[in-house]
Amino acid sequence: MDNKQNEDRIIFSITAEDLQQEAIRCLGRRLTDEELDIATKCIDGGLSTGIDTVFKTAIEEAVLKKSIAYHL
C-alpha cells in the first residue's frame, strides 16, 4: 500500500446501522430518529474526549510490538 492509500484508509468507523444493531441487542428494538440523533451526539462526544489516549496507547503498542519482534 502506498503512502496516499495509507493516508486515506479508514481505521475505525461506526455506522447508524451498527448503532441500531446494538440498540436491538440492548433494548430489543431500533432507536427512533430522535434517539438515534441523541445517541450519535453522545458517541461523537465520548470518542472525541478520549481519542488522544487511544491514539497514544495504540502508537506505543505498535512501536513496542515491532521492537519486541525485531529482537526475537
# chains A, B, ... in the order shown; residues from 1 in each chain; ligands from 1
>>> select_by_dssp(residues="chain A", states="helix (DSSP H, G or I)", output="number ranges by chain")
A: 3-8, 16-27, 33-71
>>> write_last_selection(atoms="C-alpha atoms", output="short mmCIF file (atom, residue, chain, number, x, y, z; two decimals), in the first residue's frame")
data_model
loop_
_atom_site.label_atom_id
_atom_site.label_comp_id
_atom_site.auth_asym_id
_atom_site.auth_seq_id
_atom_site.Cartn_x
_atom_site.Cartn_y
_atom_site.Cartn_z
CA ASN A 3 1.53 6.40 1.27
CA LYS A 4 -1.51 8.03 -0.37
CA GLN A 5 -3.60 4.90 0.13
CA ASN A 6 -2.41 4.66 3.73
CA GLU A 7 -3.34 8.29 4.41
CA ASP A 8 -6.90 7.78 3.11
CA ALA A 16 -26.00 4.24 12.07
CA GLU A 17 -26.84 0.60 11.38
CA ASP A 18 -24.11 -0.54 13.80
CA LEU A 19 -25.73 1.63 16.45
CA GLN A 20 -29.19 0.29 15.59
CA GLN A 21 -27.99 -3.31 15.87
CA GLU A 22 -26.53 -2.55 19.30
CA ALA A 23 -29.85 -0.94 20.31
CA ILE A 24 -31.68 -4.09 19.24
CA ARG A 25 -29.24 -6.17 21.30
CA CYS A 26 -29.60 -3.92 24.36
CA LEU A 27 -33.22 -2.79 24.13
CA ASP A 33 -34.78 9.05 14.61
CA GLU A 34 -34.67 11.38 17.62
CA GLU A 35 -32.99 8.76 19.81
CA LEU A 36 -30.51 8.00 17.03
CA ASP A 37 -29.58 11.69 16.76
CA ILE A 38 -29.03 11.92 20.52
CA ALA A 39 -27.02 8.68 20.64
CA THR A 40 -24.89 9.87 17.71
CA LYS A 41 -24.04 13.09 19.53
CA CYS A 42 -23.15 11.10 22.65
CA ILE A 43 -20.83 8.82 20.67
CA ASP A 44 -19.20 11.79 18.94
CA GLY A 45 -18.62 13.46 22.30
CA GLY A 46 -17.42 10.32 24.03
CA LEU A 47 -14.99 9.33 21.31
CA SER A 48 -13.66 12.87 20.99
CA THR A 49 -12.96 13.08 24.72
CA GLY A 50 -10.72 10.03 24.92
CA ILE A 51 -9.26 9.88 21.43
CA ASP A 52 -5.88 11.31 22.48
CA THR A 53 -5.44 8.48 24.97
CA VAL A 54 -6.50 5.91 22.38
CA PHE A 55 -4.06 7.31 19.79
CA LYS A 56 -1.16 7.43 22.29
CA THR A 57 -1.80 3.89 23.53
CA ALA A 58 -2.17 2.46 20.00
CA ILE A 59 1.04 4.11 18.79
CA GLU A 60 3.02 3.00 21.84
CA GLU A 61 1.72 -0.57 21.49
CA ALA A 62 2.60 -0.68 17.79
CA VAL A 63 6.14 0.54 18.42
CA LEU A 64 6.61 -1.82 21.37
CA LYS A 65 5.39 -4.90 19.47
CA LYS A 66 7.56 -4.05 16.47
CA SER A 67 10.56 -3.60 18.77
CA ILE A 68 9.94 -6.92 20.51
CA ALA A 69 9.52 -8.77 17.21
CA TYR A 70 12.74 -7.22 15.90
CA HIS A 71 14.72 -8.52 18.88
#
